[in-house]
Amino acid sequence: MSSPQIQAFATQLRQRQVNYESVEETAAAIRTDATAIGFDFGSAQLDALAAAVGLVKAEFQEVEILRRFSVLDKREEWYSGPRPDGRHWSALHEYLKTKGWNSDTVRSLDSASTEVVSLLGNPTSEKFDCRGLVVGYVQSGKTANMTAVMAKAVDAGYNMIIVLGGVTNKLRKQTQDRFEQDVLRHRGLWQLYTTSAADGDFVQPPNGGFVMPSPGHAQLVVMKKEGSRLRQLRKTFKRTQAAVKRKLRVLMIDDECDQASVNSAKGEFDMTKINEEIRRILAEIPAVSYVGYTATPFANVFINPYPYGEEEALDDLYPRDFITALERPEGYFGAREVFGGDSADEGAEERDMIRHLEMEEPALLQPASMKDKESFRPQMTRSLENAILWFLCTCALRRARGQADKHMSMLVHSSPFVRQHEYMSDLIRNWIEDRKDDLIAGAGLVAERLREVFEDERLRTAAARGAHILEKFEAVTESLPEVLAVMTYPVENGETEEDFRLDYTGDPVTCIVVGGTVLARGLTLEGLCVSFFLRTSKQYDTLLQMGRWFGYRHGYDDLPRLWTTEDLASKFRSLAVIEEEIRSDIAMYRENDLTPREFAVRVRAIPGMAITAATKMKHAHRTNMSFAGKHVQTIRFNHTDPQVVAGNWKAAAKLIDVAGTAQPPKSGKGDVLFENVPLSAVRKFIAATDISEEHMDLKQAYLLEYLDSAAASLSEWNVGLVQPASGTRSTRPLGKLGAVVTLRRSKLKSENPRYADIKALMSKADILIDADCKPEKDDWSGFKECRPDKPLLLLYPIDALSEPEERKAKSGKPSSRESLNAAGDLMGFGIVFPGQKDRSGGYFSVDIDAQAVEDTEEGPDELAEIEGLV
């Protein structure tokens, strides 16, 4: 570990490096300046300075880039990390430390940004034309990666950065502010064509074109993706002198590149205005790298790679050169952490932060149709009251934790209609103001409700990782007057005047913000702790982008809550799995040394939902149905229908009776294994089983169709009965096995009586019932690698009562589940198919080798609200 003296010298070296050619020259200057003011450099100080020089140089040494998360075209190796004379990355690196970033986080950012820069065009070349895509996570710090890429790219020789910062003034300003703060540490080395002022968007310079770049300097443009602005940028390049353009090395970063940039015109040869302008701008620049950033890349991977059927005519915005997936950052929680995964393993339970609205509440909070958007008035409901009261508690608790100087926000997103945003904001403001005196005095029903909400949430907070709330209710009452005194109620949508919009640039903000699409794409809500979310969408990308509650919550990760409907929570849970599949695709193809020109990223379809707007999917096609390499499981049951429950049990009993002689399973426990069961018996079982229609990605018709199409490779099965070593025995016999020991699978708490959702049925270890192998990786793919090349059907007898485990005694946290209370013992099943996941199944992708399919029906305009149409 280096001494404080070495660290102090290292800090000076990084800060002053911008003025010198080498670290050694910077060290000499430090010594000269220190001597001039009377500082005595003894041998210890000289040794410390020399050690600091070594420390700083080591940070910039060339390293091998493994590119573990990238799919890339074959290219020259030109960049292997920042060099000692890199002024901008050195300054950003030091600045991040002053912002409280720990060394591991900075090191992770350094590695990820180096990988992206290495994939760009080589700025020492006179001409290059690079197209790439960076896939991050919603609210995961993609902007931090952009800032690091910008700094390193300029150090490496790029001299112009163009950032397409969203489609609204708010997002553009937020992006400009962030880059000015983080990247422009040496203002004298930057020429800005845009500012953070309200009217600071790009306009054509007075001289008509860009100026000749100076060595070591860079030019910056941060602009909206809007037709007229982009047209001005194109005209500026067109009027730039040819000698100047030849010297420009341009990096264009397209933030939220799946929004507005992708061509969504209906016809094969048509282009939307924004898409056309971006492509024409890129055509004007001799040396340019275009890199799109998004957490929802669905539209981007559906761009037609060969729009005219010729390899020479690649679509300019298809990421033909590379696709890279950013690693999940440490401390980040996203859809998988919030909504859970697909494993019943102990410890796989998601955070207990979701609160379901009662079934009748949405009708009281949002108009039923567009014709009611002006006349409908939302009403206060119990769930909305709970959300508001909990937000007041969180603000008080954060103040008790010394975070009074931090922003604190609550999001309410209930409608796409701008008039409804005003009505909702007024409803919330009036409700709080009318009860402010009682809340401060601790009197009346509202004060009782406040305590009730606090105590209930305190009990339900997960105890895992020590995240339980330590504070008592007195911590809330002590700070509550201060919270109420500073509370604001901004509205964020396309019509809100600037003076009434959300602004985090000044003093700490405590607010309940109501809004729509502006809040659902790109805009970061600082200190977001409570979300009240009703705004539904049938599109993957739109729905995921609305998840502003994803991200980082340092120092208060026990406090965030999300109030939403059961249906929306269910959709998010399915999307969490799909997100991981896309990243798995990128990793898999990279491992096989394929390029974006050689493979198509697949996106699994969910019945009843669209992946993205129909016009963005006009080149996508559904591939042949396949379940190869996948596992499926029943997690939703029509549990109160006696006929369905009895019929499913009977179907399993018939399968057991024809399954042959039971073998002792290799996994132990109380399980039972039948080997070499004919496909015909398995098919009859699935055909006779009532699979709840509430499953989003498991449909009986698709499953039977695949069994028939792949019959030759699925002729023999292993069938296992999963049961604990001891427990309650079934009330019905399971064929020749008689009464069997049932599993406990309680259901998620729900206001919906139609079905029971148990979230996950299978555990990873279950799929090794017929294998004797120790997995190298503790994930589904690792366990599947241990399996024999044979399909496996697992039967799960489930106790009809299935009470939830009592956790309160151990952790102080009551279960988020409730008793199953089924009409009888249930029969669930899971299937593990052999083989590798291929490009087929319930998936969509583009065709790399053929022309695109014909246009599909027109989808909704994703910018309708921004354009003021609603």
# chains A, B, ... in the order shown; residues from 1 in each chain; ligands from 1
call {"tool": "residues_around", "arguments": {"residues": "segment 106-122 of chain A", "least_positions_apart": "6", "cutoff": "9 Å", "atoms": "only C-alpha atoms", "output": "PyMOL selection string"}}
result
chain A and resi 65-67+70+72+75-82+93+96-97+128-132+134+144-150+152-153+156-158+251+287-291+321-322+324+326-327+329-330
call {"tool": "atom_distance", "arguments": {"atom1": "atom CA of Pro560 of chain A", "atom2": "atom CA of Leu459 of chain A"}}
result
14.2 Å
call {"tool": "closest_residue", "arguments": {"among": "A:Ser3, A:Thr564, A:Thr240, A:Asn275", "to": "Asp47 of chain A", "atoms": "only C-alpha atoms"}}
result
A:Ser3
call {"tool": "select_by_dssp", "arguments": {"residues": "segment 172-401 of chain A", "states": "helix (DSSP H, G or I)", "output": "ChimeraX atom specification"}}
result
/A:172-182,187-189,227-239,242-247,273-284,298-301,311-313,335-339,362-365,370-372,382-400
call {"tool": "residues_around", "arguments": {"residues": "Met353 of chain A", "least_positions_apart": "5", "cutoff": "8 Å", "atoms": "only C-alpha atoms", "output": "number ranges by chain"}}
result
A: 338, 461, 560-562
